[in-house]
$ cat my_file23.cif   # mmCIF, C-alpha atoms and all ligand atoms
data_run
#
loop_
_atom_site.label_atom_id
_atom_site.label_comp_id
_atom_site.auth_asym_id
_atom_site.auth_seq_id
_atom_site.Cartn_x
_atom_site.Cartn_y
_atom_site.Cartn_z
CA MET A 1 -41.53 -8.49 -20.56
CA SER A 2 -44.08 -5.78 -21.28
CA ALA A 3 -42.98 -2.44 -19.95
CA THR A 4 -44.08 1.04 -20.86
CA ILE A 5 -40.68 2.45 -19.91
CA SER A 6 -37.65 0.57 -21.15
CA PRO A 7 -35.02 0.11 -18.44
CA PRO A 8 -32.01 2.29 -19.22
CA ASP A 9 -28.49 1.34 -18.34
CA ILE A 10 -28.64 2.78 -14.85
CA ARG A 11 -25.17 4.28 -15.25
CA ASP A 12 -26.24 6.23 -18.33
CA ASP A 13 -29.44 7.49 -16.81
CA LEU A 14 -28.73 7.76 -13.14
CA TYR A 15 -31.34 10.24 -12.19
CA GLY A 16 -33.86 9.49 -14.85
CA PRO A 17 -37.45 8.34 -14.83
CA VAL A 18 -36.70 4.92 -13.40
CA SER A 19 -35.10 6.35 -10.24
CA ARG A 20 -38.07 8.63 -9.80
CA LEU A 21 -40.55 5.79 -9.86
CA MET A 22 -41.86 5.24 -6.39
CA ARG A 23 -43.21 1.72 -6.36
CA ARG A 24 -41.44 -1.55 -5.88
CA GLU A 25 -43.79 -3.16 -8.42
CA ASP A 26 -42.38 -0.87 -11.12
CA TRP A 27 -38.78 -1.88 -10.52
CA GLU A 28 -39.78 -5.52 -10.22
CA ARG A 29 -41.48 -5.30 -13.61
CA LEU A 30 -38.66 -3.39 -15.32
CA TYR A 31 -35.86 -5.59 -14.02
CA ALA A 32 -37.75 -8.88 -13.72
CA ASP A 33 -35.06 -11.06 -15.38
CA ASP A 34 -32.17 -9.94 -13.19
CA ILE A 35 -34.24 -9.84 -10.01
CA GLU A 36 -35.56 -13.38 -10.49
CA ALA A 37 -32.09 -14.69 -11.32
CA ILE A 38 -30.55 -13.00 -8.25
CA LEU A 39 -33.23 -14.33 -5.89
CA ARG A 40 -32.64 -17.85 -7.28
CA LEU A 41 -28.84 -17.57 -7.07
CA LYS A 42 -28.97 -16.31 -3.50
CA LYS A 43 -30.59 -19.59 -2.51
CA THR A 44 -28.26 -21.87 -4.48
CA ARG A 45 -25.13 -20.04 -3.25
CA ASN A 46 -26.45 -19.55 0.30
CA ALA A 47 -25.68 -15.84 -0.10
CA VAL A 48 -26.87 -12.61 1.46
CA ILE A 49 -26.80 -9.20 -0.14
CA LEU A 50 -25.81 -6.27 2.06
CA ALA A 51 -26.80 -2.95 0.51
CA HIS A 52 -25.63 0.51 1.44
CA ASN A 53 -28.25 3.25 1.58
CA TYR A 54 -26.80 4.82 -1.62
CA GLN A 55 -27.64 1.84 -3.80
CA THR A 56 -30.23 2.39 -6.51
CA PRO A 57 -33.84 1.60 -5.55
CA GLU A 58 -34.11 -1.60 -7.56
CA ILE A 59 -31.11 -3.03 -5.64
CA PHE A 60 -32.08 -1.49 -2.32
CA HIS A 61 -35.75 -2.47 -2.36
CA CYS A 62 -35.88 -5.58 -4.56
CA VAL A 63 -32.90 -7.87 -3.89
CA SER A 64 -31.02 -6.81 -0.75
CA ASP A 65 -31.38 -8.69 2.54
CA ILE A 66 -29.85 -6.10 4.84
CA ARG A 67 -29.72 -2.38 4.25
CA GLY A 68 -27.92 0.30 6.19
CA ASP A 69 -25.12 2.77 6.75
CA SER A 70 -21.48 1.71 7.01
CA LEU A 71 -21.82 1.05 10.73
CA ALA A 72 -24.89 -1.16 10.38
CA LEU A 73 -23.32 -3.10 7.51
CA ALA A 74 -20.15 -3.69 9.55
CA ARG A 75 -22.23 -4.81 12.55
CA VAL A 76 -24.35 -7.29 10.61
CA ALA A 77 -21.32 -8.57 8.75
CA GLN A 78 -20.16 -9.91 12.12
CA ASP A 79 -23.19 -12.15 12.50
CA VAL A 80 -23.94 -13.33 8.98
CA GLU A 81 -24.65 -17.05 8.80
CA ALA A 82 -24.69 -17.41 5.01
CA ASP A 83 -21.60 -18.74 3.20
CA VAL A 84 -21.37 -15.82 0.81
CA ILE A 85 -21.72 -12.08 1.38
CA VAL A 86 -22.33 -9.87 -1.65
CA MET A 87 -21.53 -6.25 -0.86
CA ALA A 88 -23.75 -3.88 -2.79
CA GLY A 89 -21.62 -0.92 -1.83
CA VAL A 90 -18.04 0.17 -2.35
CA HIS A 91 -14.78 -1.67 -1.93
CA PHE A 92 -13.90 -0.54 1.60
CA MET A 93 -17.29 -1.84 2.80
CA ALA A 94 -16.57 -5.24 1.26
CA GLU A 95 -13.12 -5.22 2.89
CA THR A 96 -14.66 -4.45 6.28
CA ALA A 97 -17.09 -7.36 5.85
CA LYS A 98 -14.15 -9.63 4.94
CA LEU A 99 -12.12 -8.44 7.95
CA LEU A 100 -14.95 -9.42 10.25
CA ASN A 101 -15.66 -12.68 8.39
CA PRO A 102 -12.31 -14.05 7.23
CA GLN A 103 -13.77 -17.54 6.64
CA LYS A 104 -16.58 -16.39 4.35
CA THR A 105 -16.54 -15.54 0.68
CA VAL A 106 -17.11 -11.82 0.23
CA LEU A 107 -17.96 -10.66 -3.28
CA ILE A 108 -17.84 -7.14 -4.67
CA PRO A 109 -19.80 -7.01 -7.94
CA ASP A 110 -17.44 -4.40 -9.43
CA ASP A 111 -14.00 -4.09 -7.89
CA ARG A 112 -13.55 -0.63 -9.39
CA ALA A 113 -16.15 0.69 -6.91
CA GLY A 114 -13.72 2.79 -4.88
CA CYS A 115 -14.09 5.93 -2.78
CA SER A 116 -12.27 9.26 -3.01
CA LEU A 117 -11.68 9.19 0.75
CA ALA A 118 -10.20 5.69 0.75
CA GLU A 119 -7.99 6.63 -2.18
CA GLY A 120 -6.96 9.90 -0.52
CA ILE A 121 -4.53 8.39 1.98
CA THR A 122 -1.96 5.57 2.12
CA ALA A 123 -0.50 3.49 4.94
CA GLU A 124 2.80 5.35 4.38
CA ASN A 125 0.98 8.67 4.97
CA VAL A 126 -0.36 7.34 8.29
CA ARG A 127 3.08 6.19 9.39
CA MET A 128 4.39 9.67 8.62
CA LEU A 129 1.59 11.27 10.70
CA LYS A 130 2.34 8.97 13.64
CA GLN A 131 6.01 9.96 13.49
CA THR A 132 5.10 13.65 13.40
CA TYR A 133 2.64 13.40 16.32
CA PRO A 134 3.95 10.58 18.54
CA GLY A 135 1.48 9.31 21.12
CA VAL A 136 -1.57 10.97 19.53
CA PRO A 137 -4.21 8.30 18.80
CA VAL A 138 -5.17 7.69 15.17
CA VAL A 139 -8.92 7.51 14.54
CA THR A 140 -9.61 6.29 11.03
CA TYR A 141 -12.89 6.64 9.20
CA VAL A 142 -14.01 3.27 7.81
CA ASN A 143 -13.88 4.88 4.35
CA SER A 144 -10.27 3.72 4.09
CA SER A 145 -8.28 0.73 2.85
CA ALA A 146 -7.40 -2.22 5.08
CA ASP A 147 -3.74 -1.10 4.83
CA VAL A 148 -4.62 2.25 6.38
CA LYS A 149 -6.86 0.68 9.04
CA ALA A 150 -3.94 -1.58 9.96
CA GLU A 151 -1.89 1.51 10.93
CA SER A 152 -4.71 2.93 13.08
CA ASP A 153 -5.69 2.71 16.74
CA ILE A 154 -9.42 2.66 16.17
CA CYS A 155 -11.93 3.10 13.35
CA CYS A 156 -15.13 5.14 13.27
CA THR A 157 -18.07 5.71 10.97
CA SER A 158 -20.12 8.86 10.53
CA GLY A 159 -22.71 7.21 12.82
CA ASN A 160 -20.38 6.76 15.80
CA ALA A 161 -17.49 9.20 15.20
CA ARG A 162 -18.42 11.41 18.13
CA ARG A 163 -18.75 8.49 20.54
CA VAL A 164 -15.48 6.91 19.37
CA VAL A 165 -13.48 10.12 19.67
CA GLU A 166 -14.94 10.93 23.09
CA SER A 167 -14.28 7.38 24.31
CA LEU A 168 -10.54 7.99 23.98
CA GLY A 169 -10.59 10.67 26.70
CA VAL A 170 -7.76 12.71 25.12
CA PRO A 171 -7.59 16.41 24.16
CA ARG A 172 -6.44 15.77 20.58
CA VAL A 173 -6.59 13.02 17.99
CA ILE A 174 -5.36 12.40 14.47
CA MET A 175 -8.60 11.92 12.54
CA ILE A 176 -8.20 10.68 8.98
CA PRO A 177 -8.81 10.70 6.06
CA ASP A 178 -11.90 12.95 5.89
CA GLU A 179 -10.95 16.51 6.78
CA TYR A 180 -14.56 17.70 6.89
CA LEU A 181 -15.82 14.87 9.08
CA ALA A 182 -12.93 15.55 11.46
CA ARG A 183 -13.68 19.29 11.55
CA ASN A 184 -17.40 18.65 12.09
CA ILE A 185 -16.69 16.24 14.96
CA GLY A 186 -14.09 18.63 16.39
CA ALA A 187 -16.71 21.39 16.44
CA GLU A 188 -19.20 19.09 18.22
CA THR A 189 -16.80 17.74 20.82
CA GLY A 190 -14.24 20.50 21.37
CA ILE A 191 -11.49 17.92 20.83
CA GLU A 192 -8.57 19.15 18.73
CA MET A 193 -8.41 17.38 15.38
CA LEU A 194 -5.23 16.81 13.40
CA THR A 195 -6.67 16.33 9.94
CA TRP A 196 -5.73 15.03 6.50
CA PRO A 197 -6.81 16.83 3.31
CA ALA A 198 -9.02 14.13 1.75
CA HIS A 199 -12.67 14.75 0.90
CA CYS A 200 -15.70 12.91 -0.36
CA GLU A 201 -16.08 13.91 -3.98
CA VAL A 202 -19.88 13.84 -3.61
CA HIS A 203 -20.37 15.83 -0.42
CA GLU A 204 -17.63 18.39 -1.03
CA GLN A 205 -19.69 19.73 -3.95
CA PHE A 206 -22.50 21.09 -1.76
CA THR A 207 -22.25 24.77 -0.86
CA PRO A 208 -23.96 26.95 1.79
CA GLN A 209 -25.32 29.18 -1.01
CA GLU A 210 -27.04 26.16 -2.58
CA ILE A 211 -28.68 25.23 0.74
CA ARG A 212 -29.91 28.81 1.19
CA GLN A 213 -31.33 28.74 -2.35
CA TYR A 214 -33.19 25.52 -1.59
CA ARG A 215 -34.62 27.11 1.55
CA ARG A 216 -35.87 30.08 -0.48
CA LEU A 217 -37.41 27.76 -3.07
CA HIS A 218 -38.97 25.46 -0.45
CA PRO A 219 -39.95 27.51 2.61
CA GLY A 220 -40.20 25.36 5.74
CA VAL A 221 -38.05 22.54 4.32
CA THR A 222 -36.08 20.47 6.86
CA VAL A 223 -32.42 20.26 5.84
CA ILE A 224 -30.36 17.20 6.85
CA ALA A 225 -26.68 17.11 5.92
CA HIS A 226 -24.19 14.27 5.96
CA PRO A 227 -21.12 15.05 8.13
CA GLU A 228 -18.86 14.49 5.11
CA CYS A 229 -20.15 17.89 3.89
CA PRO A 230 -17.96 20.96 4.49
CA PRO A 231 -18.58 22.49 7.96
CA GLU A 232 -20.13 25.61 6.37
CA VAL A 233 -22.76 23.37 4.76
CA VAL A 234 -23.44 21.45 7.98
CA ALA A 235 -23.87 24.83 9.70
CA GLU A 236 -26.79 25.59 7.34
CA ALA A 237 -28.57 22.30 8.18
CA ASP A 238 -31.21 21.55 10.82
CA TYR A 239 -29.59 18.19 11.58
CA SER A 240 -26.48 16.25 10.59
CA GLY A 241 -26.03 12.50 10.75
CA SER A 242 -25.01 9.32 8.99
CA THR A 243 -27.29 7.91 6.31
CA ALA A 244 -28.99 5.64 8.87
CA GLN A 245 -29.44 8.55 11.28
CA MET A 246 -31.04 10.53 8.43
CA ILE A 247 -33.54 7.71 7.96
CA GLU A 248 -34.27 7.54 11.70
CA TYR A 249 -34.85 11.30 11.75
CA VAL A 250 -37.37 11.14 8.88
CA ALA A 251 -39.12 8.11 10.41
CA GLU A 252 -39.44 9.78 13.82
CA LYS A 253 -40.08 13.44 13.01
CA LYS A 254 -42.11 12.87 9.83
CA PRO A 255 -41.15 16.24 8.31
CA GLU A 256 -43.50 17.52 5.60
CA LYS A 257 -40.67 18.34 3.24
CA VAL A 258 -37.05 17.34 3.51
CA LEU A 259 -33.78 18.09 1.74
CA LEU A 260 -31.18 15.35 2.18
CA VAL A 261 -27.79 16.89 1.53
CA THR A 262 -26.16 13.69 0.37
CA GLU A 263 -26.01 11.20 -2.49
CA CYS A 264 -28.99 11.04 -4.90
CA SER A 265 -30.23 7.53 -4.21
CA MET A 266 -30.92 8.26 -0.54
CA SER A 267 -33.89 10.42 -1.46
CA ASP A 268 -35.04 8.00 -4.16
CA ASN A 269 -35.01 5.10 -1.70
CA LEU A 270 -36.71 7.04 1.09
CA ALA A 271 -39.33 8.63 -1.15
CA ALA A 272 -40.59 5.12 -1.89
CA GLN A 273 -40.65 4.28 1.81
CA PHE A 274 -41.95 7.45 3.52
CA ARG A 275 -44.95 8.57 1.53
CA GLN A 276 -45.97 11.27 4.01
CA THR A 277 -42.79 13.25 3.35
CA GLU A 278 -41.97 15.18 0.21
CA PHE A 279 -38.32 14.84 -0.77
CA VAL A 280 -36.58 17.70 -2.54
CA ARG A 281 -34.12 15.69 -4.54
CA PRO A 282 -30.77 17.40 -4.98
CA CYS A 283 -28.56 15.09 -6.95
CA ASN A 284 -24.85 14.58 -6.46
CA LEU A 285 -24.02 11.10 -7.63
CA CYS A 286 -21.39 8.80 -6.22
CA PRO A 287 -19.84 7.28 -9.37
CA HIS A 288 -18.39 4.45 -7.28
CA MET A 289 -21.66 3.37 -5.68
CA LYS A 290 -23.24 3.50 -9.13
CA ARG A 291 -20.84 0.91 -10.50
CA ILE A 292 -22.97 -1.65 -8.67
CA THR A 293 -25.91 -2.75 -10.79
CA LEU A 294 -28.41 -5.61 -10.75
CA ALA A 295 -26.63 -7.13 -13.76
CA GLY A 296 -23.31 -6.91 -11.87
CA ILE A 297 -24.76 -8.56 -8.76
CA ARG A 298 -26.20 -11.34 -10.89
CA ARG A 299 -22.84 -11.86 -12.62
CA ALA A 300 -21.02 -11.91 -9.27
CA LEU A 301 -23.29 -14.66 -7.98
CA GLU A 302 -22.99 -16.63 -11.21
CA THR A 303 -19.19 -16.45 -11.45
CA MET A 304 -18.34 -15.98 -7.73
CA GLU A 305 -16.14 -13.05 -8.78
CA THR A 306 -14.67 -10.70 -7.57
CA GLN A 307 -13.67 -12.18 -4.22
CA VAL A 308 -12.19 -9.80 -1.67
CA THR A 309 -8.88 -10.92 -0.19
CA ILE A 310 -6.69 -9.22 2.41
CA PRO A 311 -3.18 -10.45 3.37
CA ASP A 312 -3.24 -11.99 6.87
CA ASP A 313 -0.72 -9.64 8.47
CA VAL A 314 -2.70 -6.59 7.31
CA ALA A 315 -6.07 -8.16 8.13
CA ASP A 316 -5.09 -9.01 11.71
CA ARG A 317 -4.06 -5.44 12.51
CA ALA A 318 -6.93 -3.82 10.58
CA ARG A 319 -9.49 -6.10 12.28
CA LEU A 320 -8.32 -4.89 15.69
CA ALA A 321 -9.08 -1.27 14.78
CA VAL A 322 -12.55 -2.20 13.50
CA GLU A 323 -13.30 -4.41 16.50
CA ARG A 324 -12.25 -1.64 18.91
CA MET A 325 -14.77 0.60 17.17
CA LEU A 326 -17.53 -1.99 17.43
CA ALA A 327 -16.81 -2.41 21.13
CA VAL A 328 -17.35 1.31 21.87
P1 LIG A 401 -22.73 6.30 6.04
O1 LIG A 401 -21.90 5.49 6.96
O2 LIG A 401 -23.36 7.50 6.69
O3 LIG A 401 -23.74 5.47 5.33
O4 LIG A 401 -21.77 6.95 4.95
C1 LIG A 401 -21.01 6.19 4.08
C2 LIG A 401 -20.57 6.96 2.93
O5 LIG A 401 -19.82 6.53 2.12
C3 LIG A 401 -21.10 8.30 2.84
O6 LIG A 401 -20.58 8.94 1.76
FE1 LIG A 402 -16.82 7.59 -0.91
FE2 LIG A 402 -18.23 9.82 -1.07
FE3 LIG A 402 -18.89 7.76 -2.59
FE4 LIG A 402 -19.32 7.68 0.06
S1 LIG A 402 -20.29 9.03 -1.40
S2 LIG A 402 -18.44 6.06 -1.20
S3 LIG A 402 -17.55 8.83 0.78
S4 LIG A 402 -16.98 8.93 -2.71
#
$ encode --input "my_file23.cif" --output "structure tokens"
Amino acid sequence: MSATISPPDIRDDLYGPVSRLMRREDWERLYADDIEAILRLKKTRNAVILAHNYQTPEIFHCVSDIRGDSLALARVAQDVEADVIVMAGVHFMAETAKLLNPQKTVLIPDDRAGCSLAEGITAENVRMLKQTYPGVPVVTYVNSSADVKAESDICCTSGNARRVVESLGVPRVIMIPDEYLARNIGAETGIEMLTWPAHCEVHEQFTPQEIRQYRRLHPGVTVIAHPECPPEVVAEADYSGSTAQMIEYVAEKKPEKVLLVTECSMSDNLAAQFRQTEFVRPCNLCPHMKRITLAGIRRALETMETQVTIPDDVADRARLAVERMLAV
């Protein structure tokens, strides 16, 4: 392979020159071996690759079949016809796909790809909350383990949290595990939120001062913040939404310059797609999302490892909470 830039290990050089390349042809040239092998293996295994919007551009643009936010990935997981689903995302996303597709093989290319929110609460914690606040419905962010979902009344994602909470028609809910998402939705809806102190390790790092600095450096910039950011950060933004809603906003409004207050790869992926918009690229990396690499996806399809499994009794209860969400 002749390449002017040698492909780094993406985990060692996460925001380096390769991420900043803007053309699919460049990634296809740099990662030709893995990409060709993955495309071949997808056919022989009858597999589809679902990629979250935070995956690196060479995964997102070159090998994935379906791309989206957590809600979109859960929705499509319901209708997949292939025998094998490879989740290019984190473990809770693979678990959600397995819940909705118990008969299919769901692979996670690196089973250490966790999430600080999912690890921030246990099923025992939820049982304790239910005892403390009897009768108050438990709304659980999909960024949680199947064990925690199994203790919940209904799930939500950042894309439908408002709708889900409002659909319950109650004055207060237990919304877990993301304290900031709960506070942001509480502010939007006026519904009282009983929260849990878990945070996204990526979004909690953004500060209002930083957003104001970006505005001074880039006058006129449109600021879009993920609702996992602290409420003071969301208050500085022009718009707040899930990763898919961010993409819709850019596609519709075509802002000249945009600051996506979220994980690094979002801007990298969108910069390649929306050429009319300039992306200021703040960079807070999700170390869990970045465990997924082309080499890992290739290995998963070669070895059929690691397969996601969920005990039946947990799966049955967790599935109910996810299905109630999808029905809203
Ligand atoms: P979205 O559902 O908005 O894609 O968010 C998932 C996530 O993990 C954000 O940190
Ligand atoms: Fe979890 Fe935050 Fe990473 Fe999303 S960005 S997977 S919420 S740690």
$ closest_residue --input "my_file23.cif" --among "A:Ala88, A:Ala74, A:His52, A:Phe60" --to "Arg298 (chain A)" --atoms "all atoms listed in the file"
A:Ala88
$ residues_near_ligand --input "my_file23.cif" --ligand "ligand LIG 401 (chain A)" --cutoff "9 Å" --atoms "all atoms listed in the file" --output "PyMOL selection string"
chain A and resi 52-54+68-73+89-90+93+115+117+142-143+157-159+200-203+226-228+241-246+262-263+286+289
$ atom_distance --input "my_file23.cif" --atom1 "CA of Ile297 (chain A)" --atom2 "CA of His91 (chain A)"
13.9 Å
$ residues_near_point --input "my_file23.cif" --point "(-33.0, 7.0, -2.2)" --cutoff "8 Å" --atoms "all atoms listed in the file" --output "PyMOL selection string"
chain A and resi 53-57+264-272
$ residues_around --input "my_file23.cif" --residues "Ile38 (chain A)" --least-positions-apart "5" --cutoff "12 Å" --atoms "all atoms listed in the file" --output "ChimeraX atom specification"
/A:31-33,43-49,58-59,62-65,86,293-302
$ closest_residue --input "my_file23.cif" --among "A:Glu210, A:Asp312, A:Asp178, A:Glu188" --to "ligand LIG 402 (chain A)" --atoms "all atoms listed in the file"
A:Asp178
$ atom_distance --input "my_file23.cif" --atom1 "CA of Ser116 (chain A)" --atom2 "atom FE1 of ligand LIG 402 (chain A)"
5.3 Å
$ residues_around --input "my_file23.cif" --residues "region 121-130 of chain A" --least-positions-apart "5" --cutoff "12 Å" --atoms "only C-alpha atoms" --output "ChimeraX atom specification"
/A:115-116,135-141,143-153,173-179,194-199,314,318
$ atom_distance --input "my_file23.cif" --atom1 "CA of Val261 (chain A)" --atom2 "CA of Arg67 (chain A)"
19.6 Å
$ closest_residue --input "my_file23.cif" --among "A:Met304, A:Val165, A:Leu50, A:Leu285" --to "ligand LIG 402 (chain A)" --atoms "all atoms listed in the file"
A:Leu285
$ closest_residue --input "my_file23.cif" --among "A:Ala235, A:Leu320, A:Ala225, A:Leu326" --to "Val76 (chain A)" --atoms "all atoms listed in the file"
A:Leu326
$ closest_residue --input "my_file23.cif" --among "A:Cys229, A:Ile247, A:Met87, A:Val308" --to "ligand LIG 402 (chain A)" --atoms "only C-alpha atoms and all ligand atoms"
A:Cys229
$ closest_residue --input "my_file23.cif" --among "A:Glu119, A:Asp111, A:Glu256, A:Glu323" --to "Ile292 (chain A)" --atoms "all atoms listed in the file"
A:Asp111
$ residues_around --input "my_file23.cif" --residues "Glu192 (chain A)" --least-positions-apart "5" --cutoff "7 Å" --atoms "all atoms listed in the file" --output "list in words"
Pro171, Arg172, Val173 and Gly186 of chain A
$ axis_aligned_box --input "my_file23.cif" --around "region 245-264 of chain A" --padding-each-side "5 Å" --output "JSON"
{"center_x": -34.8, "center_y": 12.9, "center_z": 4.5, "size_x": 27.5, "size_y": 20.8, "size_z": 28.7}
$ residues_near_point --input "my_file23.cif" --point "(-22.1, 1.3, -11.3)" --cutoff "8 Å" --atoms "all atoms listed in the file" --output "JSON, numbers by chain"
{"A": [10, 11, 110, 113, 287, 288, 289, 290, 291, 292, 293]}
